[in-house]
Structure formats: structure tokens, C-alpha cells
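Structure file query.pdb; described as PDB, C-alpha atoms.
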```pdb
ATOM      1  CA  MET D   1      12.433 -18.127 -24.109
ATOM      2  CA  THR D   2       9.213 -17.222 -25.896
ATOM      3  CA  ASP D   3       9.152 -13.483 -25.186
ATOM      4  CA  PRO D   4      11.262 -11.095 -27.254
ATOM      5  CA  ILE D   5      14.483  -9.769 -25.736
ATOM      6  CA  LEU D   6      16.078  -7.544 -28.342
ATOM      7  CA  THR D   7      12.997  -5.375 -28.752
ATOM      8  CA  PRO D   8      13.156  -1.906 -30.322
ATOM      9  CA  ALA D   9      12.964  -0.451 -26.793
ATOM     10  CA  VAL D  10      16.035  -2.430 -25.700
ATOM     11  CA  ARG D  11      17.995  -1.421 -28.782
ATOM     12  CA  ALA D  12      17.006   2.215 -28.305
ATOM     13  CA  TRP D  13      18.035   2.093 -24.640
ATOM     14  CA  ALA D  14      21.450   0.686 -25.562
ATOM     15  CA  ALA D  15      21.993   3.360 -28.213
ATOM     16  CA  ARG D  16      20.887   6.095 -25.821
ATOM     17  CA  THR D  17      23.044   4.821 -22.967
ATOM     18  CA  ARG D  18      26.116   4.192 -25.136
ATOM     19  CA  PRO D  19      25.897   6.653 -28.032
ATOM     20  CA  GLY D  20      26.978   5.026 -31.263
ATOM     21  CA  ALA D  21      26.549   1.495 -29.950
ATOM     22  CA  ARG D  22      24.734  -1.160 -31.926
ATOM     23  CA  VAL D  23      23.373  -4.367 -30.379
ATOM     24  CA  THR D  24      24.530  -7.471 -32.254
ATOM     25  CA  GLY D  25      23.219 -10.163 -29.930
ATOM     26  CA  CYS D  26      22.728 -11.235 -26.351
ATOM     27  CA  THR D  27      23.178 -14.057 -23.883
ATOM     28  CA  VAL D  28      20.686 -15.015 -21.189
ATOM     29  CA  GLN D  29      21.485 -16.624 -17.832
ATOM     30  CA  PRO D  30      19.220 -17.400 -14.859
ATOM     31  CA  LEU D  31      19.603 -15.177 -11.812
ATOM     32  CA  THR D  32      19.295 -16.800  -8.432
ATOM     33  CA  GLY D  33      19.207 -15.561  -4.863
ATOM     34  CA  GLY D  34      16.619 -13.985  -2.617
ATOM     35  CA  TYR D  35      13.082 -15.297  -2.359
ATOM     36  CA  VAL D  36      11.701 -14.340  -5.737
ATOM     37  CA  SER D  37       9.480 -16.701  -7.672
ATOM     38  CA  GLY D  38       9.112 -17.072 -11.413
ATOM     39  CA  ARG D  39      11.724 -16.438 -14.062
ATOM     40  CA  VAL D  40      14.478 -13.906 -13.391
ATOM     41  CA  GLU D  41      17.322 -13.653 -15.904
ATOM     42  CA  ARG D  42      20.468 -11.677 -16.593
ATOM     43  CA  VAL D  43      20.549 -10.450 -20.191
ATOM     44  CA  THR D  44      23.982  -9.462 -21.482
ATOM     45  CA  LEU D  45      23.989  -7.425 -24.661
ATOM     46  CA  GLN D  46      26.835  -7.664 -27.144
ATOM     47  CA  LEU D  47      27.668  -4.344 -28.793
ATOM     48  CA  THR D  48      29.630  -3.028 -31.689
ATOM     49  CA  GLY D  49      30.347   0.463 -32.969
ATOM     50  CA  ASP D  50      31.665   3.651 -31.413
ATOM     51  CA  HIS D  51      30.438   4.476 -27.930
ATOM     52  CA  ALA D  52      31.571   6.505 -24.964
ATOM     53  CA  SER D  53      34.189   4.418 -23.214
ATOM     54  CA  ALA D  54      37.427   6.170 -24.109
ATOM     55  CA  ASP D  55      39.242   4.862 -21.066
ATOM     56  CA  MET D  56      38.523   1.228 -21.923
ATOM     57  CA  GLU D  57      40.983  -0.726 -24.005
ATOM     58  CA  ASN D  58      38.340  -2.492 -26.101
ATOM     59  CA  PRO D  59      35.058  -0.652 -25.588
ATOM     60  CA  GLU D  60      33.226  -2.635 -28.265
ATOM     61  CA  ASN D  61      33.680  -5.749 -26.135
ATOM     62  CA  VAL D  62      32.249  -4.254 -22.945
ATOM     63  CA  PRO D  63      28.750  -5.700 -22.416
ATOM     64  CA  MET D  64      25.645  -3.990 -21.096
ATOM     65  CA  GLU D  65      23.508  -5.963 -18.670
ATOM     66  CA  LEU D  66      19.787  -6.030 -17.969
ATOM     67  CA  VAL D  67      17.463  -8.016 -15.722
ATOM     68  CA  ARG D  68      14.438  -9.626 -17.295
ATOM     69  CA  LYS D  69      11.664 -10.817 -14.943
ATOM     70  CA  ASP D  70       8.315 -12.516 -15.211
ATOM     71  CA  VAL D  71       6.058 -10.199 -13.209
ATOM     72  CA  PRO D  72       2.388  -9.523 -12.412
ATOM     73  CA  ALA D  73       0.551  -6.631 -14.035
ATOM     74  CA  HIS D  74       0.677  -4.504 -10.876
ATOM     75  CA  GLU D  75       4.497  -4.592 -10.785
ATOM     76  CA  ILE D  76       4.655  -3.224 -14.325
ATOM     77  CA  ALA D  77       2.011  -0.610 -13.489
ATOM     78  CA  GLY D  78       3.807   0.507 -10.331
ATOM     79  CA  LEU D  79       7.202   0.849 -11.972
ATOM     80  CA  ARG D  80       5.716   2.604 -14.993
ATOM     81  CA  ALA D  81       3.999   5.103 -12.697
ATOM     82  CA  ALA D  82       7.324   5.787 -10.951
ATOM     83  CA  GLN D  83       9.236   6.539 -14.189
ATOM     84  CA  PRO D  84       8.316  10.250 -14.530
ATOM     85  CA  LEU D  85      10.220  10.896 -11.288
ATOM     86  CA  ARG D  86      13.470   9.759 -12.824
ATOM     87  CA  PRO D  87      16.264  10.751 -13.059
ATOM     88  CA  ASP D  88      15.882  13.082 -10.062
ATOM     89  CA  ALA D  89      14.567  10.248  -7.871
ATOM     90  CA  THR D  90      17.787   8.319  -8.315
ATOM     91  CA  ALA D  91      16.761   5.199  -6.370
ATOM     92  CA  ILE D  92      13.985   4.373  -8.850
ATOM     93  CA  PRO D  93      15.249   1.935 -11.501
ATOM     94  CA  GLU D  94      14.734   2.623 -15.184
ATOM     95  CA  LEU D  95      12.056   0.567 -16.924
ATOM     96  CA  VAL D  96      13.687  -0.308 -20.239
ATOM     97  CA  ALA D  97      11.040  -2.552 -21.793
ATOM     98  CA  TRP D  98       7.942  -4.489 -20.820
ATOM     99  CA  GLY D  99       5.258  -6.699 -22.260
ATOM    100  CA  GLU D 100       2.519  -8.974 -21.064
ATOM    101  CA  ALA D 101       3.736 -10.323 -17.695
ATOM    102  CA  TRP D 102       7.429  -9.376 -18.082
ATOM    103  CA  LEU D 103       9.713  -6.375 -17.759
ATOM    104  CA  MET D 104      13.363  -5.439 -18.177
ATOM    105  CA  THR D 105      15.480  -3.025 -16.141
ATOM    106  CA  PRO D 106      19.235  -2.354 -16.086
ATOM    107  CA  LEU D 107      21.150  -4.721 -13.847
ATOM    108  CA  ALA D 108      21.587  -2.589 -10.732
ATOM    109  CA  PRO D 109      25.179  -2.174  -9.561
ATOM    110  CA  GLY D 110      26.397  -2.646  -6.020
ATOM    111  CA  ALA D 111      25.580  -4.916  -3.118
ATOM    112  CA  ALA D 112      22.539  -5.244  -0.904
ATOM    113  CA  LEU D 113      22.393  -2.915   2.073
ATOM    114  CA  ALA D 114      23.789  -4.690   5.128
ATOM    115  CA  HIS D 115      21.480  -5.113   8.090
ATOM    116  CA  GLY D 116      22.226  -2.314  10.514
ATOM    117  CA  GLN D 117      23.812  -0.168   7.797
ATOM    118  CA  ALA D 118      22.292   3.308   7.459
ATOM    119  CA  PRO D 119      20.423   3.647   4.139
ATOM    120  CA  PRO D 120      21.783   6.354   1.810
ATOM    121  CA  PRO D 121      19.958   9.696   2.092
ATOM    122  CA  ALA D 122      19.052   9.545  -1.601
ATOM    123  CA  LEU D 123      16.744   6.631  -0.836
ATOM    124  CA  PHE D 124      14.570   8.827   1.397
ATOM    125  CA  ASP D 125      14.635  11.629  -1.174
ATOM    126  CA  SER D 126      13.331   9.191  -3.792
ATOM    127  CA  LEU D 127      10.633   7.793  -1.512
ATOM    128  CA  ALA D 128       9.475  11.295  -0.605
ATOM    129  CA  ALA D 129       9.278  12.215  -4.300
ATOM    130  CA  LEU D 130       7.309   9.055  -5.087
ATOM    131  CA  HIS D 131       4.867   9.515  -2.217
ATOM    132  CA  ALA D 132       4.408  13.239  -2.831
ATOM    133  CA  ARG D 133       3.735  12.741  -6.543
ATOM    134  CA  TYR D 134       0.929  10.266  -5.906
ATOM    135  CA  GLN D 135      -0.490  11.412  -2.592
ATOM    136  CA  GLY D 136      -4.220  10.886  -2.461
ATOM    137  CA  ASP D 137      -4.016   8.044  -5.030
ATOM    138  CA  ALA D 138      -3.735  10.660  -7.760
ATOM    139  CA  GLY D 139      -3.988   9.163 -11.236
ATOM    140  CA  LEU D 140      -2.754   5.661 -10.388
ATOM    141  CA  PRO D 141      -3.822   2.740 -12.611
ATOM    142  CA  ALA D 142      -6.320   0.138 -11.447
ATOM    143  CA  PRO D 143      -4.015  -2.939 -11.473
ATOM    144  CA  ILE D 144      -2.111  -1.679  -8.422
ATOM    145  CA  PRO D 145      -3.737  -3.116  -5.264
ATOM    146  CA  ARG D 146      -5.189  -0.670  -2.742
ATOM    147  CA  VAL D 147      -4.495  -1.174   0.967
ATOM    148  CA  SER D 148      -8.133  -0.911   2.032
ATOM    149  CA  PRO D 149     -10.085  -2.694   4.804
ATOM    150  CA  ALA D 150     -11.329  -5.217   2.213
ATOM    151  CA  TRP D 151      -7.778  -5.808   0.927
ATOM    152  CA  TRP D 152      -6.561  -6.202   4.491
ATOM    153  CA  ARG D 153      -9.235  -8.787   5.364
ATOM    154  CA  SER D 154      -8.419 -10.731   2.208
ATOM    155  CA  LEU D 155      -4.686 -10.635   2.916
ATOM    156  CA  CYS D 156      -5.226 -11.991   6.432
ATOM    157  CA  GLN D 157      -7.878 -14.590   5.661
ATOM    158  CA  HIS D 158      -6.926 -15.824   2.199
ATOM    159  CA  TRP D 159      -3.140 -15.483   2.122
ATOM    160  CA  VAL D 160      -1.625 -15.322   5.614
ATOM    161  CA  VAL D 161      -3.769 -17.944   7.373
ATOM    162  CA  PRO D 162      -3.435 -20.500   4.523
ATOM    163  CA  GLY D 163       0.274 -19.704   4.356
ATOM    164  CA  LEU D 164       0.715 -20.827   7.954
ATOM    165  CA  ARG D 165      -0.334 -24.423   7.207
ATOM    166  CA  ALA D 166       2.771 -25.729   5.463
ATOM    167  CA  PRO D 167       5.313 -24.572   8.094
ATOM    168  CA  ALA D 168       3.086 -25.506  11.060
ATOM    169  CA  ALA D 169       5.152 -28.606  11.852
ATOM    170  CA  ARG D 170       8.220 -26.439  12.529
ATOM    171  CA  HIS D 171       6.643 -24.934  15.657
ATOM    172  CA  PRO D 172       4.658 -26.046  18.703
ATOM    173  CA  ALA D 173       0.960 -26.403  17.960
ATOM    174  CA  ALA D 174       0.061 -23.752  20.534
ATOM    175  CA  VAL D 175       2.252 -21.162  18.773
ATOM    176  CA  THR D 176       0.728 -21.856  15.369
ATOM    177  CA  GLU D 177      -2.780 -21.739  16.827
ATOM    178  CA  ARG D 178      -1.988 -18.411  18.457
ATOM    179  CA  ALA D 179      -0.816 -17.121  15.073
ATOM    180  CA  ARG D 180      -4.057 -18.153  13.358
ATOM    181  CA  SER D 181      -6.132 -16.595  16.123
ATOM    182  CA  LEU D 182      -4.202 -13.307  16.044
ATOM    183  CA  VAL D 183      -4.435 -12.983  12.268
ATOM    184  CA  ALA D 184      -8.157 -13.756  12.326
ATOM    185  CA  ARG D 185      -8.629 -11.037  14.944
ATOM    186  CA  ALA D 186      -6.478  -8.581  13.001
ATOM    187  CA  ALA D 187      -8.521  -9.153   9.830
ATOM    188  CA  THR D 188     -11.623  -7.517  11.314
ATOM    189  CA  TRP D 189     -10.048  -5.303  13.973
ATOM    190  CA  PRO D 190     -12.057  -2.051  14.092
ATOM    191  CA  GLY D 191      -8.951   0.018  14.736
ATOM    192  CA  ALA D 192      -7.402  -1.272  11.511
ATOM    193  CA  ALA D 193     -10.262   0.015   9.373
ATOM    194  CA  ALA D 194     -10.283   3.311  11.285
ATOM    195  CA  ALA D 195      -6.550   3.841  10.700
ATOM    196  CA  LEU D 196      -6.815   3.125   6.984
ATOM    197  CA  ALA D 197      -9.723   5.542   6.677
ATOM    198  CA  GLU D 198      -7.642   8.299   8.247
ATOM    199  CA  LEU D 199      -4.327   7.716   6.495
ATOM    200  CA  PRO D 200      -3.790   9.263   3.039
ATOM    201  CA  ALA D 201      -2.816   6.734   0.371
ATOM    202  CA  THR D 202      -0.015   6.969  -2.174
ATOM    203  CA  LEU D 203       2.044   4.781  -4.469
ATOM    204  CA  LEU D 204       4.330   2.448  -2.502
ATOM    205  CA  HIS D 205       7.211   0.201  -3.410
ATOM    206  CA  GLY D 206       5.687  -2.008  -0.730
ATOM    207  CA  ASP D 207       8.693  -4.102   0.279
ATOM    208  CA  VAL D 208      11.489  -1.725   1.284
ATOM    209  CA  HIS D 209      14.031  -3.815   3.183
ATOM    210  CA  PRO D 210      17.839  -4.085   3.037
ATOM    211  CA  GLY D 211      17.796  -6.928   0.511
ATOM    212  CA  ASN D 212      15.894  -4.779  -1.975
ATOM    213  CA  ILE D 213      18.297  -1.834  -1.720
ATOM    214  CA  LEU D 214      21.470  -2.173  -3.784
ATOM    215  CA  VAL D 215      24.156   0.401  -3.041
ATOM    216  CA  GLU D 216      27.234   1.390  -5.027
ATOM    217  CA  GLU D 217      29.414   4.268  -3.816
ATOM    218  CA  GLY D 218      26.555   5.622  -1.747
ATOM    219  CA  ARG D 219      24.026   5.471  -4.604
ATOM    220  CA  PRO D 220      20.983   3.294  -3.895
ATOM    221  CA  THR D 221      18.737   1.430  -6.322
ATOM    222  CA  LEU D 222      15.386   0.163  -5.036
ATOM    223  CA  ILE D 223      14.774  -3.141  -6.819
ATOM    224  CA  ASP D 224      11.902  -5.660  -6.947
ATOM    225  CA  TRP D 225       8.630  -3.735  -7.234
ATOM    226  CA  GLY D 226       6.503  -6.874  -7.004
ATOM    227  CA  SER D 227       4.767  -5.607  -3.854
ATOM    228  CA  ALA D 228       3.758  -2.241  -5.360
ATOM    229  CA  ARG D 229       0.676  -0.985  -3.524
ATOM    230  CA  VAL D 230      -1.402   2.105  -2.956
ATOM    231  CA  GLY D 231      -1.445   2.721   0.773
ATOM    232  CA  PRO D 232      -0.012   4.613   3.759
ATOM    233  CA  ALA D 233       3.424   6.093   3.041
ATOM    234  CA  ALA D 234       4.899   4.864   6.324
ATOM    235  CA  LEU D 235       4.812   1.297   4.981
ATOM    236  CA  ASP D 236       7.834   2.196   2.822
ATOM    237  CA  LEU D 237       9.713   3.542   5.851
ATOM    238  CA  ALA D 238       8.797   1.455   8.873
ATOM    239  CA  ASN D 239      10.231  -1.803   7.558
ATOM    240  CA  LEU D 240      13.630  -0.126   7.271
ATOM    241  CA  VAL D 241      14.127   2.555   9.939
ATOM    242  CA  PRO D 242      12.432   3.717  13.159
ATOM    243  CA  ALA D 243      10.256   6.809  13.198
ATOM    244  CA  ASP D 244      12.909   8.889  14.988
ATOM    245  CA  SER D 245      15.700   8.031  12.528
ATOM    246  CA  PRO D 246      17.682  10.526  10.436
ATOM    247  CA  GLY D 247      16.181   8.939   7.329
ATOM    248  CA  VAL D 248      12.613   9.757   8.365
ATOM    249  CA  ALA D 249      13.711  13.274   9.333
ATOM    250  CA  ARG D 250      15.175  13.725   5.838
ATOM    251  CA  TYR D 251      11.991  12.339   4.285
ATOM    252  CA  ALA D 252       9.849  14.796   6.263
ATOM    253  CA  ALA D 253      12.175  17.703   5.413
ATOM    254  CA  ALA D 254      11.854  16.943   1.691
ATOM    255  CA  TRP D 255       8.060  17.067   1.764
ATOM    256  CA  PRO D 256       7.551  20.897   1.819
ATOM    257  CA  ALA D 257       9.840  21.359  -1.167
ATOM    258  CA  LEU D 258       7.916  18.717  -3.093
ATOM    259  CA  THR D 259       4.355  19.679  -2.166
ATOM    260  CA  GLY D 260       4.515  23.222  -0.819
ATOM    261  CA  GLN D 261       3.138  21.958   2.490
ATOM    262  CA  PRO D 262       4.583  20.162   5.509
ATOM    263  CA  LEU D 263       3.566  16.612   6.259
ATOM    264  CA  PRO D 264       0.176  16.628   8.020
ATOM    265  CA  ASP D 265       0.456  16.433  11.788
ATOM    266  CA  GLY D 266       0.390  12.887  13.063
ATOM    267  CA  VAL D 267       0.385  11.161   9.677
ATOM    268  CA  LEU D 268       3.740   9.450  10.203
ATOM    269  CA  GLU D 269       2.938   8.552  13.811
ATOM    270  CA  LEU D 270      -0.343   6.871  12.825
ATOM    271  CA  GLY D 271       1.291   5.401   9.741
ATOM    272  CA  TYR D 272       3.971   3.760  11.854
ATOM    273  CA  ARG D 273       1.295   2.335  14.148
ATOM    274  CA  TRP D 274      -0.462   0.859  11.142
ATOM    275  CA  ALA D 275       2.808  -0.463   9.713
ATOM    276  CA  ALA D 276       3.559  -2.123  13.071
ATOM    277  CA  LEU D 277       0.530  -4.313  12.363
ATOM    278  CA  GLN D 278       0.673  -4.855   8.605
ATOM    279  CA  ILE D 279       4.366  -5.621   8.278
ATOM    280  CA  PRO D 280       4.640  -8.557  10.721
ATOM    281  CA  VAL D 281       1.297  -9.942   9.513
ATOM    282  CA  GLN D 282       2.192  -9.909   5.817
ATOM    283  CA  TYR D 283       5.576 -11.526   6.496
ATOM    284  CA  LEU D 284       4.188 -14.097   8.945
ATOM    285  CA  PRO D 285       4.126 -17.094   6.546
ATOM    286  CA  TRP D 286       7.761 -16.373   5.619
ATOM    287  CA  THR D 287       8.697 -15.999   9.290
ATOM    288  CA  ALA D 288       7.008 -19.296  10.139
ATOM    289  CA  ALA D 289       8.733 -21.077   7.253
ATOM    290  CA  HIS D 290      12.263 -19.678   7.636
ATOM    291  CA  ARG D 291      12.795 -18.457  11.192
ATOM    292  CA  PRO D 292      13.032 -20.256  14.557
ATOM    293  CA  THR D 293      10.114 -20.396  16.960
ATOM    294  CA  THR D 294      11.598 -17.569  19.040
ATOM    295  CA  ALA D 295      11.423 -15.221  16.038
ATOM    296  CA  PHE D 296       7.946 -16.468  15.127
ATOM    297  CA  THR D 297       6.778 -15.801  18.675
ATOM    298  CA  LYS D 298       8.370 -12.346  18.648
ATOM    299  CA  ALA D 299       6.410 -11.491  15.481
ATOM    300  CA  LEU D 300       3.206 -12.613  17.192
ATOM    301  CA  ASP D 301       4.015 -10.395  20.187
ATOM    302  CA  GLN D 302       4.499  -7.473  17.796
ATOM    303  CA  ILE D 303       1.092  -8.122  16.218
ATOM    304  CA  ASP D 304      -0.542  -8.317  19.641
ATOM    305  CA  GLN D 305       1.013  -4.996  20.669
ATOM    306  CA  ALA D 306       0.098  -3.343  17.360
ATOM    307  CA  LEU D 307      -3.554  -4.316  17.782
ATOM    308  CA  ALA D 308      -3.547  -2.782  21.252
ATOM    309  CA  HIS D 309      -2.170   0.481  19.795
ATOM    310  CA  LEU D 310      -4.846   0.652  17.074
ATOM    311  CA  THR D 311      -7.989   1.188  19.107
TER     312      THR D 311
END
```

Could I get this file's structure written as C-alpha cells?
Amino acid sequence: MTDPILTPAVRAWAARTRPGARVTGCTVQPLTGGYVSGRVERVTLQLTGDHASADMENPENVPMELVRKDVPAHEIAGLRAAQPLRPDATAIPELVAWGEAWLMTPLAPGAALAHGQAPPPALFDSLAALHARYQGDAGLPAPIPRVSPAWWRSLCQHWVVPGLRAPAARHPAAVTERARSLVARAATWPGAAAALAELPATLLHGDVHPGNILVEEGRPTLIDWGSARVGPAALDLANLVPADSPGVARYAAAWPALTGQPLPDGVLELGYRWAALQIPVQYLPWTAAHRPTTAFTKALDQIDQALAHLT
């Protein structure tokens, strides 16, 4: 470990969270699970002193836990930009400390949202607050990638197509060739550029799926901001719930209170049509590497249909 752990920011966070506590040391253990890359660690702080835990037999022995991750600059920038919305936007995790290419957040309690389980309403409240605060790309720092036609072409041509090479042997050659052809067509599809020109951009988490939503007693925490983007708001909804879901209805209902205006007519409908293209394309290398050919083919069918709906 070359980066500092017990920084002044970490010590201040511990003292603020447990008044009277003093950090005396820490232990560090690797965290595994999911599909993250790079270093991810659990940092357990040891404390001494008086702090608010009157119902605990030995409060000075109760640890506080953080997650320390190696991250790109845009993940730090995205999570920093989201901090002013806390604590009202309860699904946004607290950024405790950061440095060059690393950050630390509290270890989120709870378990990942089960597939098919309805997301807590507070998640949609937090997403609405995030999107409303930064609608129109208002004041967002440069390191966060913009979902533009140029970004889209680069994603398709320089990340997705190369990413299909390694898992090609898992599938019939005709299926892999169809995938390459579809992605190449999607990269320069006129309807894609037209949709992005029409859709307002905002700050996105960028990878809202059940595995990135930890829930404890109905309270969600949206973890892993490594796909933070500036783009159409529907990208943070469509990967989780359909457009006619109660969650999207709650999101839309929150918008007037946040902005003083209703959501523009058609913005979610067009946003969902765009998301129907971007989401299966950006996940296609993962699908090819981890899912059976039937699932890979289904994703290709979804891309084909999405292109037809973006004319």
C-alpha cells in the first residue's frame, strides 16, 4: 500500500460520524466479488475514546469500515459532483477521501438488490435529484465523459468490437460476425446522432443495475460510480425498470418539485429508445464472454430492433 489511508479527511470523518472517537489504527483486506478491476479493499478503523454507542457493551471496540478503490479520474469527478445532493439524496454514497487515482467511501450496508425485486423508491428520488441538478451539463468537470456521437463511435469501434475478439470462440462464427456487423452499423447510425442531439444531457451514474444497488431495511446505496457519464437521463433508468414502472412514475413526479417544471414531453420515451441501443451494445463484450449463445443472440436482436426504432 503506497497511498495514505489514515488521512486527515478519514480521521475527521470518523470523529464526525462517531463524536468523541479517535482513530488508533486500521487493517486492510482485499474485497472480492462482482466484475470490478483494479484494487478494491475493505479498511477497518480501530477507535478509542467516547462515542455514541450507548447500547453497545464495548463501544470502543466497534470498528468503522470503509471501501478504498483504485479508480479513474472521471469516477472521482462524478462522485464529487454528486456530493452536494447529500444527505437528501440518500442513495448517493459519501465520498470520505480521495487522491490521485483512488477514493474512499463508507462500506455500504445491506445486500445487492435481487433480480426482479422492486428498487426502493428512494433510489428514484436520488436519481431525479442528481439529474435535475445537472440537467443541461451544468457546471460538470471535464474528466467526465460525454455521451456524444463521437463518444458513441469510439465506444463501438474501439472498445466493443475489439472486446468481441477474445470470447469469439464461445459462439458460432456467424453469431460473432453478426455482432461485429451490427456494432459497426450502430457506430455511424444517423438515428443515433439525431437522438443524442435532441436529448438533454445530465450527470449519470452510468451503470445502474441490481448488483450496484445495496439495500438495508429499504434504504438503497448506489455503489460503483466507475461508469459516470454525462448523457441522457434514461440511461440510469432503463437498465433497471421499464418505462411504465412505478419507479419511473415516481422519478417523473419528483421532477416538478426539483426544477419547477415537468419533464419535457417525450424526453423519457426517446431516452428509453436510445437506451435500448446503448445498453446492450456497451455490455456486449461482457455478454459474449459470460453468457450462453442464446443470450448473446438475444442481445443482438435487441440492438437490431433498437436501430429500427431510431430512424

Expand the PyMOL selection byres ((chain D and resi 117-125) around 8) into the individual residues it matches in the shown file, reporting them as a compact mmCIF listing (two decimals) with C-alpha atoms, in the coordinates of the input.
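Contents of the output file result_10.txt:
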```txt
# COMPACT_ATOMS: atom_id res chain seq x y z
CA ALA D 89 14.57 10.25 -7.87
CA THR D 90 17.79 8.32 -8.32
CA ALA D 91 16.76 5.20 -6.37
CA LEU D 113 22.39 -2.92 2.07
CA ALA D 114 23.79 -4.69 5.13
CA HIS D 115 21.48 -5.11 8.09
CA GLY D 116 22.23 -2.31 10.51
CA SER D 126 13.33 9.19 -3.79
CA LEU D 127 10.63 7.79 -1.51
CA ALA D 128 9.48 11.30 -0.60
CA ALA D 129 9.28 12.22 -4.30
CA GLY D 218 26.56 5.62 -1.75
CA ARG D 219 24.03 5.47 -4.60
CA PRO D 220 20.98 3.29 -3.90
CA THR D 221 18.74 1.43 -6.32
CA LEU D 222 15.39 0.16 -5.04
CA GLY D 247 16.18 8.94 7.33
CA VAL D 248 12.61 9.76 8.36
CA ARG D 250 15.18 13.72 5.84
CA TYR D 251 11.99 12.34 4.28
CA ALA D 254 11.85 16.94 1.69
```

Excluding range 271-274 of chain D and residues on its chain fewer than 5 positions from it, collect all residues at most 8 Å away from it, counting only C-alpha atoms, and give them as a list in words. Ala192, Ala195, Leu196, Leu199, Pro232, Ala233, Ala234, Leu235, Ala238, Ala243, Ala306, His309 and Leu310 of chain D

Using all atoms listed in the file and a cutoff of 7 Å, can you tell me which residues are near (20.5, -14.0, -19.7) in the file's coordinates, and write them out as a PDB file with C-alpha atoms, in the coordinates of the input?
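Once everything was written out, this is out-v5.pdb:
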```pdb
ATOM      1  CA  THR D  27      23.178 -14.057 -23.883  1.00  0.00           C
ATOM      2  CA  VAL D  28      20.686 -15.015 -21.189  1.00  0.00           C
ATOM      3  CA  GLN D  29      21.485 -16.624 -17.832  1.00  0.00           C
ATOM      4  CA  PRO D  30      19.220 -17.400 -14.859  1.00  0.00           C
ATOM      5  CA  GLU D  41      17.322 -13.653 -15.904  1.00  0.00           C
ATOM      6  CA  ARG D  42      20.468 -11.677 -16.593  1.00  0.00           C
ATOM      7  CA  VAL D  43      20.549 -10.450 -20.191  1.00  0.00           C
ATOM      8  CA  THR D  44      23.982  -9.462 -21.482  1.00  0.00           C
TER       9      THR D  44
END
```

Go through the shown structure with the PyMOL selection byres ((chain D and resi 131) around 10) and write out the matching residues as a list in words. Ala82, Ser126, Leu127, Ala128, Ala129, Leu130, Ala132, Arg133, Tyr134, Gln135, Gly136, Asp137, Ala201, Thr202, Leu203, Leu204, His205, Val230, Gly231, Pro232, Ala233, Ala234, Asp236, Trp255 and Leu258 of chain D

For a quick check of understanding, using only C-alpha atoms, which of D:His158, D:Ala228, D:Gly99, D:Asp88 has the smallest distance to Pro141 in chain D? D:Ala228

Report as a VMD selection string all protein, DNA and RNA residues lying within 9 Å of Glu65 in chain D, evaluated on all atoms listed in the file, omitting residues in the same chain fewer than 2 positions from it. chain D and resid 42 to 45 63 67 105 to 108

Counting all atoms listed in the file, I want the residues whose atoms come within 9 Å of (10.6, -4.8, 0.4) in the file frame, returned as a PDB file with C-alpha atoms, in the coordinates of the input.
```pdb
ATOM      1  CA  HIS D 205       7.211   0.201  -3.410  1.00  0.00           C
ATOM      2  CA  GLY D 206       5.687  -2.008  -0.730  1.00  0.00           C
ATOM      3  CA  ASP D 207       8.693  -4.102   0.279  1.00  0.00           C
ATOM      4  CA  VAL D 208      11.489  -1.725   1.284  1.00  0.00           C
ATOM      5  CA  HIS D 209      14.031  -3.815   3.183  1.00  0.00           C
ATOM      6  CA  PRO D 210      17.839  -4.085   3.037  1.00  0.00           C
ATOM      7  CA  GLY D 211      17.796  -6.928   0.511  1.00  0.00           C
ATOM      8  CA  ASN D 212      15.894  -4.779  -1.975  1.00  0.00           C
ATOM      9  CA  ILE D 213      18.297  -1.834  -1.720  1.00  0.00           C
ATOM     10  CA  LEU D 222      15.386   0.163  -5.036  1.00  0.00           C
ATOM     11  CA  ILE D 223      14.774  -3.141  -6.819  1.00  0.00           C
ATOM     12  CA  ASP D 224      11.902  -5.660  -6.947  1.00  0.00           C
ATOM     13  CA  TRP D 225       8.630  -3.735  -7.234  1.00  0.00           C
ATOM     14  CA  GLY D 226       6.503  -6.874  -7.004  1.00  0.00           C
ATOM     15  CA  SER D 227       4.767  -5.607  -3.854  1.00  0.00           C
ATOM     16  CA  ASP D 236       7.834   2.196   2.822  1.00  0.00           C
ATOM     17  CA  ASN D 239      10.231  -1.803   7.558  1.00  0.00           C
ATOM     18  CA  LEU D 240      13.630  -0.126   7.271  1.00  0.00           C
TER      19      LEU D 240
END
```

Let me know the residues the PyMOL selection byres ((chain D and resi 303) around 12) catches in the file above, as an MDAnalysis selection string. chainID D and resid 178:187 189 192 273:284 296:302 304:310

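Taking CA of Gly163 in chain D as the reference point, CA of Leu31 in chain D is found at 25.6 Å.
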
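If you measure from each of D:His290, D:His171, D:Arg80, D:Arg229 to Trp152 in chain D using only C-alpha atoms, the closest one turns out to be D:Arg229.
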